[in-house]
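A.B. asks: Input protein.cif, format and content: mmCIF, C-alpha atoms and all ligand atoms.
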```
data_data
loop_
_atom_site.label_atom_id
_atom_site.label_comp_id
_atom_site.auth_asym_id
_atom_site.auth_seq_id
_atom_site.Cartn_x
_atom_site.Cartn_y
_atom_site.Cartn_z
CA MET A 761 -16.51 6.11 22.13
CA ASN A 762 -18.39 8.40 19.80
CA GLY A 763 -21.66 6.56 19.33
CA TYR A 764 -24.19 7.96 16.91
CA LEU A 765 -27.73 7.11 17.69
CA ASN A 766 -29.90 8.67 14.97
CA THR A 767 -33.62 8.93 14.71
CA TRP A 768 -34.71 9.36 11.16
CA VAL A 769 -38.35 9.64 10.36
CA LEU A 770 -39.20 8.98 6.75
CA GLN A 771 -42.78 10.11 6.63
CA SER A 772 -45.25 9.49 3.82
CA ALA A 773 -44.87 13.14 2.93
CA MET A 774 -41.11 12.58 3.03
CA SER A 775 -40.22 15.25 5.51
CA THR A 776 -37.27 14.28 7.60
CA ALA A 777 -36.56 14.74 11.26
CA CYS A 778 -33.45 13.93 13.17
CA VAL A 779 -33.52 13.70 16.94
CA HIS A 780 -30.23 13.83 18.73
CA VAL A 781 -30.19 11.79 21.89
CA SER A 782 -27.41 12.78 24.26
CA HIS A 783 -24.05 12.33 22.57
CA SER A 784 -25.33 10.06 19.90
CA HIS A 785 -28.06 9.47 17.33
CA LEU A 786 -30.50 6.64 16.91
CA ARG A 787 -31.77 6.29 13.36
CA LYS A 788 -35.30 5.09 12.90
CA VAL A 789 -36.97 4.62 9.55
CA GLU A 790 -40.65 5.05 10.19
CA ASP A 791 -43.60 4.84 7.87
CA LEU A 792 -46.53 6.80 9.20
CA SER A 793 -49.19 5.27 6.96
CA GLU A 794 -50.33 2.33 9.11
CA SER A 795 -47.89 0.54 11.33
CA PRO A 796 -44.78 2.43 12.42
CA LEU A 797 -41.60 0.75 11.37
CA SER A 798 -39.34 -0.55 14.04
CA THR A 799 -36.12 -0.37 12.07
CA GLN A 800 -33.59 1.57 14.04
CA TYR A 801 -29.87 1.41 13.97
CA TYR A 802 -26.70 2.96 15.22
CA GLU A 803 -24.27 4.51 12.79
CA TYR A 804 -20.47 4.48 13.13
CA LYS A 805 -17.87 5.79 10.72
CA GLY A 806 -14.46 4.37 10.17
CA THR A 807 -11.44 4.12 7.94
CA MET A 808 -10.61 0.88 6.19
CA HIS A 809 -7.45 -0.35 4.50
CA LEU A 810 -4.38 1.43 5.84
CA HIS A 811 -0.82 0.60 6.73
CA SER A 812 1.33 1.12 9.81
CA ARG A 813 5.02 0.56 10.42
CA TYR A 814 4.30 -3.14 10.71
CA SER A 815 4.45 -3.03 6.91
CA ASP A 816 5.14 0.03 4.76
CA GLY A 817 3.19 2.74 6.57
CA SER A 818 5.13 5.52 8.28
CA ALA A 819 3.54 5.63 11.74
CA LYS A 820 3.24 3.33 14.69
CA VAL A 821 -0.19 2.08 15.68
CA PRO A 822 -0.71 4.38 18.72
CA GLU A 823 0.02 7.44 16.56
CA ILE A 824 -2.44 6.25 13.91
CA VAL A 825 -5.29 5.68 16.35
CA GLY A 826 -4.57 9.04 17.98
CA LYS A 827 -5.00 10.72 14.60
CA ALA A 828 -8.17 8.74 13.96
CA ALA A 829 -9.56 10.00 17.27
CA ASP A 830 -8.68 13.59 16.27
CA ALA A 831 -10.50 13.06 12.96
CA GLY A 832 -13.62 11.93 14.85
CA LEU A 833 -13.54 8.35 13.60
CA ASP A 834 -15.22 5.55 15.54
CA PHE A 835 -13.19 2.66 14.15
CA VAL A 836 -10.02 1.89 12.23
CA MET A 837 -9.50 -1.32 10.25
CA LEU A 838 -5.75 -1.72 9.86
CA THR A 839 -4.49 -3.92 7.04
CA ASP A 840 -0.72 -4.21 6.99
CA HIS A 841 0.79 -6.15 4.10
CA ASP A 842 1.04 -9.79 5.09
CA SER A 843 1.22 -9.00 8.78
CA LEU A 844 -0.98 -9.42 11.84
CA ASP A 845 1.74 -8.10 14.14
CA ALA A 846 -0.51 -5.31 15.44
CA LEU A 847 -2.91 -8.04 16.62
CA TYR A 848 -0.16 -10.21 18.10
CA ASN A 849 1.22 -7.18 19.94
CA GLY A 850 -2.12 -6.54 21.61
CA TYR A 851 -3.22 -3.37 19.81
CA GLU A 852 -6.68 -4.55 18.84
CA GLY A 853 -9.23 -2.82 21.05
CA TRP A 854 -10.19 0.70 22.12
CA HIS A 855 -7.79 3.62 22.08
CA ASP A 856 -9.16 7.07 22.97
CA GLY A 857 -12.67 5.97 22.04
CA VAL A 858 -11.57 4.54 18.68
CA LEU A 859 -11.98 0.83 18.06
CA LEU A 860 -8.94 -0.59 16.29
CA LEU A 861 -9.54 -3.84 14.41
CA VAL A 862 -6.61 -5.63 12.86
CA GLY A 863 -6.90 -7.31 9.49
CA GLN A 864 -4.31 -8.11 6.86
CA GLU A 865 -3.76 -7.06 3.27
CA ILE A 866 -2.72 -10.33 1.72
CA SER A 867 -0.29 -9.04 -0.88
CA PRO A 868 0.94 -11.22 -3.71
CA ARG A 869 2.36 -9.39 -6.73
CA THR A 870 -1.18 -8.75 -7.94
CA HIS A 871 -4.62 -9.61 -6.48
CA HIS A 872 -4.41 -7.95 -3.07
CA TYR A 873 -7.05 -9.12 -0.63
CA LEU A 874 -8.19 -7.28 2.51
CA ALA A 875 -8.93 -9.97 5.08
CA PHE A 876 -10.53 -9.55 8.51
CA ASP A 877 -11.43 -11.69 11.50
CA LEU A 878 -8.48 -13.97 10.86
CA ASN A 879 -7.18 -16.39 13.44
CA ARG A 880 -3.81 -16.66 11.73
CA GLU A 881 -1.61 -14.76 9.29
CA ILE A 882 -1.99 -15.85 5.69
CA ARG A 883 1.03 -15.82 3.45
CA GLY A 884 0.71 -13.63 0.38
CA LYS A 885 4.20 -13.15 -1.01
CA TYR A 886 5.08 -15.03 -4.24
CA ARG A 887 1.65 -16.63 -4.42
CA THR A 888 -0.45 -16.89 -7.55
CA ASP A 889 -3.13 -19.27 -6.26
CA TYR A 890 -5.55 -16.40 -5.56
CA GLN A 891 -8.66 -18.56 -5.21
CA ARG A 892 -6.89 -20.52 -2.49
CA ILE A 893 -6.10 -17.28 -0.66
CA VAL A 894 -9.79 -16.36 -0.59
CA ASP A 895 -10.63 -19.91 0.53
CA GLU A 896 -7.99 -19.88 3.26
CA VAL A 897 -9.44 -16.65 4.66
CA ARG A 898 -12.87 -18.30 4.82
CA ASP A 899 -11.45 -21.49 6.34
CA SER A 900 -9.75 -19.49 9.07
CA GLY A 901 -13.12 -17.94 9.98
CA GLY A 902 -12.50 -14.65 8.24
CA PHE A 903 -13.93 -12.68 5.36
CA GLY A 904 -12.45 -10.34 2.82
CA PHE A 905 -12.66 -7.69 0.16
CA ILE A 906 -10.90 -7.44 -3.19
CA ALA A 907 -8.51 -4.48 -2.85
CA HIS A 908 -8.11 -1.80 -5.55
CA PRO A 909 -9.33 -4.06 -8.38
CA TYR A 910 -8.38 -1.53 -11.06
CA GLY A 911 -5.39 -0.07 -9.25
CA GLY A 912 -2.76 -1.05 -11.76
CA LYS A 913 -1.40 2.43 -12.45
CA LYS A 914 2.03 3.42 -11.13
CA PRO A 915 1.96 6.77 -9.30
CA PRO A 916 4.24 9.41 -10.86
CA LEU A 917 7.59 9.68 -8.99
CA PHE A 918 7.04 6.31 -7.29
CA ARG A 919 8.82 3.19 -8.38
CA THR A 920 6.23 0.68 -7.22
CA LYS A 921 3.68 -0.42 -9.75
CA GLY A 922 0.01 -0.74 -8.90
CA HIS A 923 -1.55 -4.07 -8.12
CA ALA A 924 -4.71 -4.89 -10.01
CA TRP A 925 -7.19 -7.75 -9.63
CA THR A 926 -7.76 -9.38 -13.00
CA ASP A 927 -9.07 -12.87 -12.31
CA TRP A 928 -12.83 -12.43 -11.90
CA SER A 929 -13.50 -16.15 -11.98
CA ILE A 930 -12.50 -16.16 -8.30
CA THR A 931 -15.44 -16.59 -5.92
CA GLY A 932 -16.07 -16.56 -2.21
CA TYR A 933 -15.06 -12.99 -1.41
CA THR A 934 -17.43 -10.86 0.68
CA GLY A 935 -17.03 -7.70 -1.32
CA ILE A 936 -15.00 -5.26 -3.35
CA GLU A 937 -13.17 -2.06 -2.47
CA ILE A 938 -15.16 0.22 -4.74
CA TRP A 939 -13.62 3.57 -3.91
CA SER A 940 -10.09 4.04 -2.62
CA TYR A 941 -8.85 7.58 -2.07
CA MET A 942 -5.26 6.86 -3.08
CA ILE A 943 -6.23 4.86 -6.14
CA ASP A 944 -8.65 7.57 -7.28
CA TRP A 945 -6.01 10.25 -6.79
CA VAL A 946 -3.25 8.31 -8.56
CA GLU A 947 -5.57 7.54 -11.44
CA ASN A 948 -6.18 11.22 -12.11
CA VAL A 949 -2.70 12.73 -11.83
CA ASN A 950 0.24 12.69 -14.17
CA ILE A 951 3.82 13.86 -13.86
CA LEU A 952 2.88 17.41 -14.91
CA THR A 953 -0.01 17.82 -12.50
CA PHE A 954 1.54 15.83 -9.67
CA MET A 955 2.60 18.72 -7.44
CA TYR A 956 -0.54 20.74 -8.19
CA HIS A 957 -2.68 17.77 -7.22
CA TYR A 958 -0.54 17.15 -4.20
CA PHE A 959 -1.45 20.59 -2.86
CA TYR A 960 -5.03 20.49 -4.19
CA PRO A 961 -5.74 16.77 -3.89
CA GLU A 962 -9.50 17.16 -3.97
CA LYS A 963 -9.23 18.30 -7.60
CA ALA A 964 -8.07 14.80 -8.54
CA ILE A 965 -10.88 13.00 -6.74
CA ARG A 966 -13.42 11.89 -9.32
CA GLY A 967 -15.26 8.99 -7.66
CA PRO A 968 -15.09 5.24 -7.96
CA ARG A 969 -13.66 3.85 -11.18
CA LEU A 970 -16.48 3.09 -13.62
CA GLU A 971 -15.01 -0.35 -14.19
CA ALA A 972 -15.25 -1.07 -10.46
CA LEU A 973 -18.87 0.03 -10.33
CA ARG A 974 -19.69 -2.02 -13.41
CA LYS A 975 -18.04 -5.11 -12.02
CA TRP A 976 -19.80 -4.64 -8.69
CA ASP A 977 -23.18 -4.32 -10.43
CA GLU A 978 -22.44 -7.35 -12.58
CA VAL A 979 -21.48 -9.60 -9.65
CA ALA A 980 -24.38 -8.26 -7.56
CA GLN A 981 -26.86 -9.58 -10.10
CA GLN A 982 -25.52 -13.07 -9.43
CA ARG A 983 -24.90 -12.98 -5.68
CA HIS A 984 -24.65 -10.83 -2.57
CA VAL A 985 -21.54 -8.62 -2.76
CA VAL A 986 -20.61 -5.67 -0.55
CA GLY A 987 -18.91 -2.42 -1.58
CA ILE A 988 -16.52 -0.63 0.78
CA GLY A 989 -14.56 2.64 0.68
CA SER A 990 -10.99 3.08 1.85
CA THR A 991 -7.94 5.30 1.96
CA ASP A 992 -4.98 2.90 1.53
CA ALA A 993 -3.04 5.31 3.74
CA HIS A 994 0.72 4.83 4.03
CA ALA A 995 1.83 8.43 4.76
CA ARG A 996 5.32 7.79 3.48
CA PRO A 997 7.72 10.57 2.45
CA LEU A 998 7.56 11.59 -1.20
CA PRO A 999 10.33 10.22 -3.38
CA ILE A 1000 12.79 13.05 -4.29
CA PHE A 1001 10.96 15.55 -2.00
CA ARG A 1002 11.49 13.39 1.07
CA PHE A 1003 10.66 16.20 3.48
CA ILE A 1004 7.04 16.05 2.26
CA LYS A 1005 4.85 13.33 3.69
CA PHE A 1006 2.72 11.82 0.95
CA PHE A 1007 -0.85 12.17 2.22
CA PRO A 1008 -0.64 12.13 5.99
CA TYR A 1009 -3.01 9.94 7.95
CA GLU A 1010 -4.74 12.95 9.53
CA TYR A 1011 -5.75 14.19 6.07
CA LEU A 1012 -6.85 10.84 4.68
CA PHE A 1013 -8.96 10.09 7.76
CA ARG A 1014 -11.19 12.98 6.72
CA THR A 1015 -11.74 11.71 3.19
CA ILE A 1016 -13.32 8.42 2.14
CA ARG A 1017 -14.92 6.50 4.96
CA THR A 1018 -17.10 3.46 5.37
CA HIS A 1019 -20.10 3.97 7.65
CA VAL A 1020 -21.67 0.92 9.28
CA LEU A 1021 -25.25 0.61 10.56
CA LEU A 1022 -25.68 -1.60 13.60
CA ASP A 1023 -28.71 -2.95 15.47
CA THR A 1024 -26.91 -2.62 18.79
CA PRO A 1025 -24.51 0.09 19.93
CA LEU A 1026 -20.82 -0.70 20.28
CA SER A 1027 -19.74 -1.24 23.82
CA PRO A 1028 -16.25 -0.37 25.04
CA GLN A 1029 -16.87 -2.97 27.76
CA SER A 1030 -16.93 -5.80 25.27
CA LEU A 1031 -14.37 -6.07 22.51
CA PRO A 1032 -15.50 -9.42 21.04
CA GLU A 1033 -19.11 -8.31 20.82
CA SER A 1034 -18.33 -4.90 19.29
CA LYS A 1035 -15.93 -6.42 16.82
CA GLN A 1036 -18.57 -8.92 15.76
CA LEU A 1037 -21.15 -6.15 15.30
CA ILE A 1038 -18.91 -4.28 12.86
CA TYR A 1039 -17.90 -7.43 11.02
CA ASP A 1040 -21.52 -8.59 10.74
CA ALA A 1041 -22.63 -5.19 9.38
CA LEU A 1042 -19.85 -5.25 6.78
CA LYS A 1043 -20.69 -8.79 5.72
CA ALA A 1044 -24.38 -7.93 5.48
CA GLY A 1045 -23.68 -4.78 3.44
CA HIS A 1046 -25.28 -2.64 6.15
CA CYS A 1047 -22.78 0.04 5.27
CA PHE A 1048 -22.11 2.82 2.80
CA ILE A 1049 -19.16 4.65 1.31
CA ALA A 1050 -18.87 8.41 1.79
CA TYR A 1051 -16.40 11.11 0.82
CA ASP A 1052 -16.94 13.01 4.06
CA PHE A 1053 -14.38 15.67 3.14
CA LEU A 1054 -17.09 17.18 0.90
CA ALA A 1055 -19.91 17.12 3.44
CA ASP A 1056 -20.82 15.11 6.51
CA SER A 1057 -22.80 12.07 5.38
CA MET A 1058 -23.86 11.00 8.88
CA GLY A 1059 -27.55 10.12 8.77
CA PHE A 1060 -27.75 8.90 5.17
CA THR A 1061 -30.34 6.16 4.70
CA PHE A 1062 -31.24 3.86 1.84
CA ALA A 1063 -34.06 1.45 2.65
CA ALA A 1064 -36.99 -0.27 0.99
CA GLU A 1065 -40.48 -0.96 2.09
CA MET A 1066 -41.81 -4.00 0.30
CA LYS A 1067 -45.54 -4.53 0.19
CA GLY A 1068 -46.86 -8.04 0.71
CA ARG A 1069 -48.93 -9.75 -1.98
CA GLY A 1070 -52.02 -9.82 0.23
CA GLU A 1071 -53.96 -6.63 0.87
CA TYR A 1072 -53.46 -6.84 4.62
CA ASP A 1073 -49.90 -8.18 4.65
CA ALA A 1074 -47.53 -6.06 6.69
CA PRO A 1075 -44.75 -4.50 4.60
CA THR A 1076 -41.23 -5.87 4.86
CA HIS A 1077 -38.55 -3.33 5.64
CA LEU A 1078 -35.17 -3.72 4.08
CA LEU A 1079 -31.97 -1.81 4.67
CA MET A 1080 -29.09 -1.40 2.20
CA GLY A 1081 -27.33 -4.75 1.95
CA ASP A 1082 -30.49 -6.77 2.55
CA GLU A 1083 -31.62 -9.40 0.11
CA ALA A 1084 -35.19 -10.65 -0.40
CA ILE A 1085 -37.51 -12.21 -2.94
CA PHE A 1086 -39.37 -9.40 -4.67
CA GLU A 1087 -43.07 -9.48 -3.85
CA GLY A 1088 -44.28 -7.31 -6.71
CA ARG A 1089 -44.37 -3.84 -5.18
CA ALA A 1090 -41.96 -1.80 -3.10
CA ASP A 1091 -40.98 1.75 -2.31
CA LEU A 1092 -37.33 2.73 -2.24
CA LEU A 1093 -36.57 5.32 0.41
CA VAL A 1094 -33.58 7.63 0.38
CA SER A 1095 -32.78 10.25 2.98
CA VAL A 1096 -29.69 12.44 3.02
CA PRO A 1097 -28.47 14.94 5.63
CA GLN A 1098 -27.73 17.61 2.99
CA PRO A 1099 -29.56 18.36 -0.26
CA ALA A 1100 -27.87 16.39 -3.01
CA GLU A 1101 -28.41 14.89 -6.40
CA ILE A 1102 -29.82 11.40 -5.87
CA ARG A 1103 -29.30 8.79 -8.59
CA LEU A 1104 -31.02 5.45 -8.33
CA ILE A 1105 -29.35 2.58 -10.11
CA ARG A 1106 -31.00 -0.73 -11.04
CA ASN A 1107 -28.80 -3.58 -12.29
CA GLY A 1108 -26.13 -1.04 -13.17
CA HIS A 1109 -28.43 1.34 -15.06
CA PRO A 1110 -29.67 4.72 -13.80
CA ILE A 1111 -33.46 4.65 -13.45
CA HIS A 1112 -34.23 7.83 -11.60
CA GLN A 1113 -32.58 11.12 -10.73
CA ALA A 1114 -33.77 13.78 -8.30
CA SER A 1115 -32.41 16.62 -6.19
CA GLY A 1116 -33.21 17.11 -2.54
CA LYS A 1117 -32.91 15.48 0.85
CA THR A 1118 -35.44 12.69 0.53
CA LEU A 1119 -36.89 10.45 -2.11
CA ARG A 1120 -39.58 7.79 -2.17
CA LEU A 1121 -39.74 5.86 -5.42
CA PRO A 1122 -42.27 3.08 -6.07
CA ILE A 1123 -40.88 0.16 -8.06
CA ASP A 1124 -42.57 -2.85 -9.60
CA ARG A 1125 -39.62 -4.88 -10.84
CA ALA A 1126 -37.09 -7.12 -9.17
CA GLY A 1127 -33.50 -5.98 -9.43
CA VAL A 1128 -30.38 -4.90 -7.59
CA TYR A 1129 -30.97 -1.32 -6.49
CA ARG A 1130 -28.38 1.09 -5.14
CA VAL A 1131 -27.99 4.84 -4.77
CA GLU A 1132 -25.27 7.29 -5.74
CA LEU A 1133 -25.28 10.81 -4.34
CA TYR A 1134 -23.54 13.83 -5.76
CA TYR A 1135 -22.91 16.92 -3.67
CA SER A 1136 -22.06 20.12 -5.57
CA ASP A 1137 -21.64 17.93 -8.66
CA GLN A 1138 -19.01 15.82 -6.96
CA PRO A 1139 -19.30 12.14 -6.03
CA TRP A 1140 -20.24 11.89 -2.38
CA ILE A 1141 -22.10 8.78 -1.16
CA PHE A 1142 -22.39 5.27 -2.61
CA SER A 1143 -24.86 2.99 -0.85
CA ASN A 1144 -24.75 -0.76 -0.78
CA PRO A 1145 -27.47 -2.36 -2.89
CA ILE A 1146 -30.81 -3.76 -1.84
CA PHE A 1147 -31.04 -7.09 -3.64
CA LEU A 1148 -34.63 -7.79 -4.72
CA ARG A 1149 -34.52 -11.14 -6.46
CA GLU A 1150 -37.00 -12.80 -8.80
CA SER A 1151 -38.89 -15.57 -7.06
ZN ZN B 1201 -2.62 -3.15 -2.11
ZN ZN B 1202 -2.81 -1.22 0.85
#
```
Output the structure of this file as structure tokens.

C.D. replies:
Amino acid sequence: MNGYLNTWVLQSAMSTACVHVSHSHLRKVEDLSESPLSTQYYEYKGTMHLHSRYSDGSAKVPEIVGKAADAGLDFVMLTDHDSLDALYNGYEGWHDGVLLLVGQEISPRTHHYLAFDLNREIRGKYRTDYQRIVDEVRDSGGFGFIAHPYGGKKPPLFRTKGHAWTDWSITGYTGIEIWSYMIDWVENVNILTFMYHYFYPEKAIRGPRLEALRKWDEVAQQRHVVGIGSTDAHARPLPIFRFIKFFPYEYLFRTIRTHVLLDTPLSPQSLPESKQLIYDALKAGHCFIAYDFLADSMGFTFAAEMKGRGEYDAPTHLLMGDEAIFEGRADLLVSVPQPAEIRLIRNGHPIHQASGKTLRLPIDRAGVYRVELYYSDQPWIFSNPIFLRES
């Protein structure tokens, strides 16, 4: 198990230190003004939303987890179309230090839903009662994310059409897949550039769809909603050029990842506990999306330090995903492992832009705050929001 135990020190002067402890990092956000902060967490990176031979992926589960281990991933969240067979066949658990968790992509004609922590398979085929699907996932103890909401485009050469999510009156989902590698790639290629972009795929990667970001920001102003990043890996042969595998798993595992931040390290000794830690972090939004192919995002932090109303009140420390009533004053803290362009977004609007590795920005208004990072002018990291609500 590759655990990452990071110690991050966000000092008043905003210098950053990272202490590596044995094989892993412990991250600690610490304010040196008065009382040191006790927020520390363990970071793990994984791939979400991918397919094996239990649906339309090209590899068997052991091969997939082997490739995930080679890519240095800590966890894999498999989502075969309308199938929990990988779970029923006993694959959930550790394989070469990689934790495999089995979910399901509930796949009607449109409105695909990535569901996890299910105690039973949920039928997707031929259904149009999408709200009921979301409700059934909840009733079975699970949670879920809207898959590729704006993924309606048909890839050139492929016969299958995309599957968009259009009914935004649906409620009860945990979050939205904000950035999917395959959807981003398909969106930016056409029949003329297809082969060029096959060999230079990174040239077609432009970041999350603006519509997805807008919708996320809009929903976030009403309620807690989590953004995740994914690959939607299938690794099937290309139509016509069948000797070419269309985006192999080993490549995609190095692209868009979701990193989770946990209070407790994962333990290979306990599957139920480790599984719950990852699920709880995802539900809480203690996670971020990173295009790690560009640069390693390990160690990224977005936190807030909210001052109490009283002069002697201890500050409240919030991590991305956290929600609180805004007390009137707060500092937003950003720390990145590599110098990058940092954009702070409030309620969907950019409010501040800076370059560097750290940022401390005082704010005096409630709002839903999140961060976007650009590395060499390319989209790199998208944090989950900190939800500071009006009282
Ligand atoms: Zn899908
Ligand atoms: Zn899929």

A.B. asks: Give me, as a Markdown table, each residue of chain A that comes within 10 Å of ligand ZN 1202 (chain B), together with its shortest interatomic pair and the distance in Å at one decimal, counting only C-alpha atoms and all ligand atoms, with rows ordered by chain and rising residue number.

C.D. replies:
```
| residue | atom | partner | partner_atom | distance |
| --- | --- | --- | --- | --- |
| A:Met808 | CA | B:ZN1202 | ZN | 9.7 |
| A:His809 | CA | B:ZN1202 | ZN | 6.0 |
| A:Leu810 | CA | B:ZN1202 | ZN | 5.9 |
| A:His811 | CA | B:ZN1202 | ZN | 6.5 |
| A:Ser815 | CA | B:ZN1202 | ZN | 9.6 |
| A:Asp816 | CA | B:ZN1202 | ZN | 8.9 |
| A:Gly817 | CA | B:ZN1202 | ZN | 9.2 |
| A:Leu838 | CA | B:ZN1202 | ZN | 9.5 |
| A:Thr839 | CA | B:ZN1202 | ZN | 7.0 |
| A:Asp840 | CA | B:ZN1202 | ZN | 7.1 |
| A:His841 | CA | B:ZN1202 | ZN | 6.9 |
| A:Gln864 | CA | B:ZN1202 | ZN | 9.3 |
| A:Glu865 | CA | B:ZN1202 | ZN | 6.4 |
| A:Ile866 | CA | B:ZN1202 | ZN | 9.2 |
| A:Ser867 | CA | B:ZN1202 | ZN | 8.4 |
| A:His872 | CA | B:ZN1202 | ZN | 8.0 |
| A:Tyr873 | CA | B:ZN1202 | ZN | 9.1 |
| A:Leu874 | CA | B:ZN1202 | ZN | 8.3 |
| A:Ala907 | CA | B:ZN1202 | ZN | 7.5 |
| A:His908 | CA | B:ZN1202 | ZN | 8.3 |
| A:His923 | CA | B:ZN1202 | ZN | 9.5 |
| A:Ser940 | CA | B:ZN1202 | ZN | 9.6 |
| A:Met942 | CA | B:ZN1202 | ZN | 9.3 |
| A:Ile943 | CA | B:ZN1202 | ZN | 9.9 |
| A:Ser990 | CA | B:ZN1202 | ZN | 9.3 |
| A:Thr991 | CA | B:ZN1202 | ZN | 8.4 |
| A:Asp992 | CA | B:ZN1202 | ZN | 4.7 |
| A:Ala993 | CA | B:ZN1202 | ZN | 7.1 |
| A:His994 | CA | B:ZN1202 | ZN | 7.7 |
```

A.B. asks: Mind pulling up the distance from atom CA of A:Ser812 to atom CA of A:Pro1028?

C.D. replies: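 It comes out at 23.3 Å.
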
A.B. asks: Give the answer as one residue: which of A:Trp976, A:Phe1006, A:Phe903, A:Trp925 has the shortest atom-to-atom distance to ligand ZN 1201 (chain B), using all atoms listed in the file?

C.D. replies: A:Trp925

A.B. asks: Find the residue from A:Asp830, A:Glu1065, A:Glu803, A:Glu937 that sits nearest to ligand ZN 1201 (chain B); use only C-alpha atoms and all ligand atoms when measuring.

C.D. replies: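 Among the listed residues, the smallest separation from ligand ZN 1201 (chain B) belongs to A:Glu937.
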
A.B. asks: Please identify all polymer residues within 8 Å of A:Lys805, counting only C-alpha atoms, omitting same-chain residues fewer than 3 positions from it, and present them as a list in words.

C.D. replies: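 In the requested format, the answer is Leu833, Asp834, Phe835, Arg1017, Thr1018, His1019 and Val1020 of chain A.
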
A.B. asks: For C-alpha atoms, I'd like the residues from the last selection saved as a PDB file, in the frame of the given file.

C.D. replies:
```pdb
ATOM      1  CA  LEU A 833     -13.540   8.350  13.600  1.00  0.00           C
ATOM      2  CA  ASP A 834     -15.220   5.550  15.540  1.00  0.00           C
ATOM      3  CA  PHE A 835     -13.190   2.660  14.150  1.00  0.00           C
ATOM      4  CA  ARG A1017     -14.920   6.500   4.960  1.00  0.00           C
ATOM      5  CA  THR A1018     -17.100   3.460   5.370  1.00  0.00           C
ATOM      6  CA  HIS A1019     -20.100   3.970   7.650  1.00  0.00           C
ATOM      7  CA  VAL A1020     -21.670   0.920   9.280  1.00  0.00           C
TER       8      VAL A1020
END
```

A.B. asks: Of the candidates A:Ser818, A:Thr870, A:Ser1151, A:Asn849, which shows the shortest atom-to-atom distance to ligand ZN 1201 (chain B), using all atoms listed in the file?

C.D. replies: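 Checking each candidate against ligand ZN 1201 (chain B), we get A:Thr870 as the closest.
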
A.B. asks: Dump as JSON, numbers by chain all residues having an atom at most 8 Å from (-25.2, 2.6, -2.8), computed in the file's coordinates with all atoms listed in the file.

C.D. replies: {"A": [1048, 1049, 1062, 1080, 1129, 1130, 1131, 1132, 1141, 1142, 1143, 1144, 1145]}

A.B. asks: Find the residues around stretch 1115-1122 of chain A up to 7 Å (all atoms listed in the file counted), leave out those fewer than 6 positions away in its own chain, and share them as a PyMOL selection string.

C.D. replies: chain A and resi 774+1090-1102

A.B. asks: Could you pull the residues within 12 Å of stretch 951-962 of chain A, counting all atoms listed in the file, minus those fewer than 5 positions along the same chain, as a list in words?

C.D. replies: Lys914, Pro915, Pro916, Leu917, Phe918, Tyr941, Met942, Asp944, Trp945, Val946, Gly967, Leu998, Phe1001, Ile1004, Lys1005, Phe1006, Phe1007, Pro1008, Tyr1011, Leu1012, Arg1014, Thr1015, Ile1016, Tyr1051, Asp1052, Phe1053, Leu1054, Gln1138 and Pro1139 of chain A

A.B. asks: How many Å lie between atom CA of A:Thr807 and atom CA of A:Gly912, rounded to one decimal?

C.D. replies: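 Taking atom CA of A:Thr807 and atom CA of A:Gly912, their separation equals 22.1 Å.
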
A.B. asks: Of the candidates A:Lys913, A:Arg1069, A:Lys975, A:Arg892, which one gets nearest to ligand ZN 1201 (chain B) if we count only C-alpha atoms and all ligand atoms?

C.D. replies: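 Ranking A:Lys913, A:Arg1069, A:Lys975, A:Arg892 by distance to ligand ZN 1201 (chain B), first place goes to A:Lys913.
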
A.B. asks: Any idea what's packed within 10 Å of A:Lys1035, counting all atoms listed in the file, ignoring anything in its chain fewer than 2 positions away? Could you give it as a ChimeraX atom specification?

C.D. replies: /A:835,852-853,859-861,877,1026-1027,1030-1033,1037-1040
